[in-house]
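Notes to accompany the following structure.
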Amino acid sequence: MRHLISPLDFSVEELDTLMDLANDIEKNPEKYAHVCDGRILATLFYEPSTRTRLSFESAMNRLGGKVIGFSSAAASSAAKGESVADTIRMASCYADICAMRHPKEGAPLVASLHSSIPVINAGDGGHQHPTQTLTDLLTIRSLKGRLGGMTVGLCGDLKFGRTVHSLINALVRYTGIRFVLISPNELRIPSYIRDNVLEAGHIPYTEMENLEDAMPELDILYMTRVQRERFFNEEEYIRMKDCYILDKAKMALGKEDMCVLHPLPRVNEISTEVDDDPRAVYFRQARYGVYIRMALIMTLLEVSPC
Amino acid sequence: MLNISGLEEGIVLDHIPAGKSMDIYKHLGLGHLDCQVAIIKNARSAKMGRKDIIKIEGGLDTVDLNVLGFIEHKITVNIIRNGEIAEKKTLRLPKKITNVIRCKNPRCITSIEQELPHIFNLTDEEHKIYRCMYCEEKYK
């Protein structure tokens, strides 16, 4: 039995197989409409999430399976003080696979150590968000035709933005990747990513504060939201939230074949005037999120079409 | 001069910085052993001025000495067999340490689940960096 806790749990070859499956699901959805008949996905969401939870639910429903779960800690036994270990033992009796989101870092890892069903990390605090990473990789591979040999700009909250941390961990395994890290000084990438991943792997990267300066060289621009829930201090959040806003003027500085990704939801960091630009692919990215989660559920449950 | 008899078979931890022996007693779990343990505090030492020594009778298969590499790597570990020093162990940084240090990251799952063991993995041997197994926060 396998779990998905970190984006590194799958090898590059396994990711290729997973993305091939996702692309086939995209082309032939009817072939996969009943592969999970009789199977149940438990969505254990200890903090609010619309997109990720609906994406998982949509994925399981499109495979013919059913979904149970809760969508906030207040609606679960956690409110009564139940441990993550006990909750997953209980969920293992009710479901065949589980997707867990938790505000505390490492909670899905704890769950996987006590689970008898596959556990998928659907986001743990500011730490990892591997299924978003799989979505990002599938989007880039599908739209650019490759995952290596490009300059990737990551912009916004690089300190608490778990999608950014997971994406860096995943992309450094491909050759010819260069990062441009664009953030205010207070929201720079954490040391454990800079030291253990970028420096240790001799991955070329530049840190800068100005988005305009970075635009011309980017093949991918990955925008992130400054997240209110990651700040202990409201004043600090208000000071940081409008740091970078992508608009038409900035887009004019970018390459013609650049792709703009965003894990969504956006607040104001991408102006709505950018939405009609063909390089803005964040809504297509959300669709790829369902396909990759379908492929992931099938892979972890070891099911395939008849 | 205080005399404690020699060991026939066991472990002698020598050159422990004075005052650290009780920490080591705790981290090695010596209180749970069913054998004689002698703690000598503030022994005179030509090299260190004062030092602590721990003598453990037996325990060769049960005491996990790896954690010593994290706590104080300058300790001398003598393995005694047939009343003689059979081996001097070189201490290395353990790959994993459990319940020796605690994760201080307020966002870590260990901050709200008190029962969880605090486990740290050695991620950079050269710089002696340990990171929490759950949240990957560096131990400072």
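Chains: A, B, ... in order of the structure tokens. Residues: from 1 per chain. Ligands: from 1, in order shown.
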Problem set entry | All residues 9 Å or closer to Pro48 in chain A, only C-alpha atoms, same chain fewer than 4 positions away omitted, as a PyMOL selection string | chain A and resi 53+71-73+101
Residues of the last selection are to be written out with N, CA and C atoms, as a PDB file, in the first residue's frame.
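File result_32.pdb, as written:
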```
ATOM      1  N   ARG A  53     -10.986  20.243  -2.105  1.00  0.00           N
ATOM      2  CA  ARG A  53     -11.979  19.250  -1.691  1.00  0.00           C
ATOM      3  C   ARG A  53     -12.921  18.925  -2.849  1.00  0.00           C
ATOM      4  N   SER A  71     -15.565  18.839   6.452  1.00  0.00           N
ATOM      5  CA  SER A  71     -14.879  19.943   5.788  1.00  0.00           C
ATOM      6  C   SER A  71     -14.360  21.003   6.751  1.00  0.00           C
ATOM      7  N   SER A  72     -14.407  20.720   8.044  1.00  0.00           N
ATOM      8  CA  SER A  72     -13.747  21.614   9.003  1.00  0.00           C
ATOM      9  C   SER A  72     -13.517  20.844  10.293  1.00  0.00           C
ATOM     10  N   ALA A  73     -12.518  21.274  11.054  1.00  0.00           N
ATOM     11  CA  ALA A  73     -12.205  20.573  12.300  1.00  0.00           C
ATOM     12  C   ALA A  73     -13.395  20.624  13.254  1.00  0.00           C
ATOM     13  N   ARG A 101      -6.540  17.161   4.603  1.00  0.00           N
ATOM     14  CA  ARG A 101      -5.970  18.511   4.729  1.00  0.00           C
ATOM     15  C   ARG A 101      -5.985  18.879   6.199  1.00  0.00           C
TER      16      ARG A 101
END
```
Looking only at alpha helix (DSSP H) from DSSP on the backbone, list the matching residues of range 47-92 of chain B as a short mmCIF file (atom, residue, chain, number, x, y, z; two decimals) with N, CA and C atoms, in the first residue's frame.
```cif
data_model
loop_
_atom_site.label_atom_id
_atom_site.label_comp_id
_atom_site.auth_asym_id
_atom_site.auth_seq_id
_atom_site.Cartn_x
_atom_site.Cartn_y
_atom_site.Cartn_z
N ASN B 66 23.92 5.37 20.16
CA ASN B 66 23.96 6.32 19.04
C ASN B 66 23.63 7.74 19.45
N VAL B 67 22.68 7.87 20.40
CA VAL B 67 22.23 9.20 20.79
C VAL B 67 23.35 10.03 21.41
N LEU B 68 24.37 9.34 21.96
CA LEU B 68 25.51 10.06 22.57
C LEU B 68 26.21 10.95 21.55
N GLY B 69 26.24 10.49 20.31
CA GLY B 69 26.87 11.26 19.24
C GLY B 69 26.23 12.61 19.09
N PHE B 70 24.92 12.70 19.36
CA PHE B 70 24.21 13.97 19.26
C PHE B 70 24.43 14.81 20.52
N ILE B 71 24.38 14.16 21.69
CA ILE B 71 24.45 14.92 22.95
C ILE B 71 25.86 15.46 23.19
#
```
Exercise. Which is closest to Ile24 in chain B among B:Met133, B:Leu91, B:Val100, B:Leu122, if we use only C-alpha atoms?
Worked result: B:Val100
Hey, could you make a per-residue contact list for chain B against chain A with 8 Å as the cut-off, showing the nearest pair of atoms and its distance in Å to one decimal, counting only C-alpha atoms, sorted by chain and number, as JSON lines?
```
{"residue": "B:Arg107", "atom": "CA", "partner": "A:Lys104", "partner_atom": "CA", "distance": 5.2}
{"residue": "B:Cys108", "atom": "CA", "partner": "A:Glu105", "partner_atom": "CA", "distance": 4.6}
{"residue": "B:Ile109", "atom": "CA", "partner": "A:Lys104", "partner_atom": "CA", "distance": 4.8}
{"residue": "B:Glu113", "atom": "CA", "partner": "A:Ser83", "partner_atom": "CA", "distance": 6.8}
{"residue": "B:Met133", "atom": "CA", "partner": "A:Gly106", "partner_atom": "CA", "distance": 7.8}
{"residue": "B:Tyr134", "atom": "CA", "partner": "A:Gly106", "partner_atom": "CA", "distance": 4.1}
{"residue": "B:Cys135", "atom": "CA", "partner": "A:Glu105", "partner_atom": "CA", "distance": 5.0}
{"residue": "B:Glu136", "atom": "CA", "partner": "A:Tyr192", "partner_atom": "CA", "distance": 7.6}
{"residue": "B:Glu137", "atom": "CA", "partner": "A:Tyr192", "partner_atom": "CA", "distance": 7.4}
{"residue": "B:Lys138", "atom": "CA", "partner": "A:Tyr192", "partner_atom": "CA", "distance": 7.3}
```
Can I get the selected residues back with C-alpha atoms, as a PDB file, in the first residue's frame?
```pdb
ATOM      1  CA  ARG B 107       2.712  25.003  13.135  1.00  0.00           C
ATOM      2  CA  CYS B 108       3.979  21.423  13.614  1.00  0.00           C
ATOM      3  CA  ILE B 109       1.482  18.661  14.431  1.00  0.00           C
ATOM      4  CA  GLU B 113      -0.691  16.251  19.773  1.00  0.00           C
ATOM      5  CA  MET B 133      10.364  14.328  10.725  1.00  0.00           C
ATOM      6  CA  TYR B 134       6.880  15.878  10.544  1.00  0.00           C
ATOM      7  CA  CYS B 135       7.358  19.529   9.573  1.00  0.00           C
ATOM      8  CA  GLU B 136      11.036  19.508   8.443  1.00  0.00           C
ATOM      9  CA  GLU B 137      11.823  22.507  10.654  1.00  0.00           C
ATOM     10  CA  LYS B 138      15.512  22.776  11.482  1.00  0.00           C
TER      11      LYS B 138
END
```
Exercise. So which residues touch Val35 in chain A within 10 Å, counting only C-alpha atoms, skipping near sequence neighbours fewer than 2 positions away, as number ranges by chain?
Worked result: A: 31-33, 37-39, 60, 62-65, 298, 303-306
Keeping C-alpha atoms, export the residues of the selection given above as a compact mmCIF listing (two decimals), in the first residue's frame.
```
# COMPACT_ATOMS: atom_id res chain seq x y z
CA LYS A 31 -13.33 4.58 -20.35
CA TYR A 32 -12.78 5.44 -16.67
CA ALA A 33 -16.35 6.25 -15.59
CA ASP A 37 -17.58 1.58 -8.60
CA GLY A 38 -18.17 0.53 -4.98
CA ARG A 39 -15.11 2.39 -3.66
CA MET A 60 -13.90 10.24 -7.28
CA ARG A 62 -16.11 10.81 -12.22
CA LEU A 63 -14.50 7.43 -11.50
CA GLY A 64 -17.81 6.01 -10.28
CA GLY A 65 -16.87 6.03 -6.58
CA MET A 298 -6.69 4.91 -9.50
CA VAL A 303 -7.48 -0.13 -10.27
CA SER A 304 -7.50 0.06 -14.06
CA PRO A 305 -10.16 0.04 -16.77
CA CYS A 306 -11.42 -3.42 -17.80
```
Problem set entry | Residue neighbourhood Tyr94 in chain A, 12 Å, only C-alpha atoms, exclusion window fewer than 2 positions, as an NGL selection string | :A and (39-43 or 66-69 or 87-92 or 96-98 or 115-117)
For this session: Return as a ChimeraX atom specification the full set of residues in range 10-244 of chain A whose backbone-based DSSP assignment is strand (DSSP E).
Result: /A:40-45,66-70,97-102,119-124,150-155,177-182,205-208,220-223
Atoms to include: C-alpha atoms. Write the selected residues as a compact mmCIF listing (two decimals), in the first residue's frame.
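Ended up saving to result_9.txt:
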```txt
# COMPACT_ATOMS: atom_id res chain seq x y z
CA ILE A 40 -15.27 5.21 -1.10
CA LEU A 41 -13.00 8.24 -0.71
CA ALA A 42 -12.89 9.90 2.74
CA THR A 43 -12.12 13.63 2.57
CA LEU A 44 -10.82 14.58 6.04
CA PHE A 45 -10.49 18.35 5.83
CA LYS A 66 -18.50 7.70 -3.58
CA VAL A 67 -17.27 10.32 -1.12
CA ILE A 68 -17.68 10.77 2.63
CA GLY A 69 -15.96 13.21 4.97
CA PHE A 70 -15.95 16.48 6.85
CA ILE A 97 -8.74 5.81 0.40
CA CYS A 98 -8.39 9.14 2.20
CA ALA A 99 -7.46 12.71 1.31
CA MET A 100 -6.42 14.77 4.35
CA ARG A 101 -5.97 18.51 4.73
CA HIS A 102 -4.75 19.78 8.09
CA VAL A 119 -3.49 8.53 2.57
CA ILE A 120 -3.15 11.51 0.23
CA ASN A 121 -1.78 14.73 1.68
CA ALA A 122 -4.21 17.40 0.49
CA GLY A 123 -2.18 20.18 2.15
CA ASP A 124 -0.58 20.41 5.60
CA MET A 150 12.95 26.27 -18.67
CA THR A 151 13.02 29.29 -16.41
CA VAL A 152 10.31 29.21 -13.78
CA GLY A 153 9.34 32.36 -11.92
CA LEU A 154 7.65 31.94 -8.53
CA CYS A 155 6.03 35.11 -7.27
CA ILE A 177 15.42 24.11 -14.61
CA ARG A 178 16.22 27.61 -13.36
CA PHE A 179 14.19 29.47 -10.75
CA VAL A 180 13.52 33.16 -10.33
CA LEU A 181 12.16 33.71 -6.83
CA ILE A 182 10.20 36.96 -6.65
CA TYR A 205 18.22 30.46 -8.85
CA THR A 206 17.90 34.20 -8.46
CA GLU A 207 16.02 36.02 -5.71
CA MET A 208 14.52 39.40 -6.59
CA ILE A 220 6.46 29.88 -16.56
CA LEU A 221 5.15 32.47 -14.09
CA TYR A 222 3.65 30.88 -11.01
CA MET A 223 1.67 33.44 -9.03
```
Exercise. Near Lys41 in chain B, counting only C-alpha atoms, which residues have an atom at most 8 Å away, once you skip same-chain residues fewer than 5 positions from it, shown as a count of residues only?
Worked result: 6
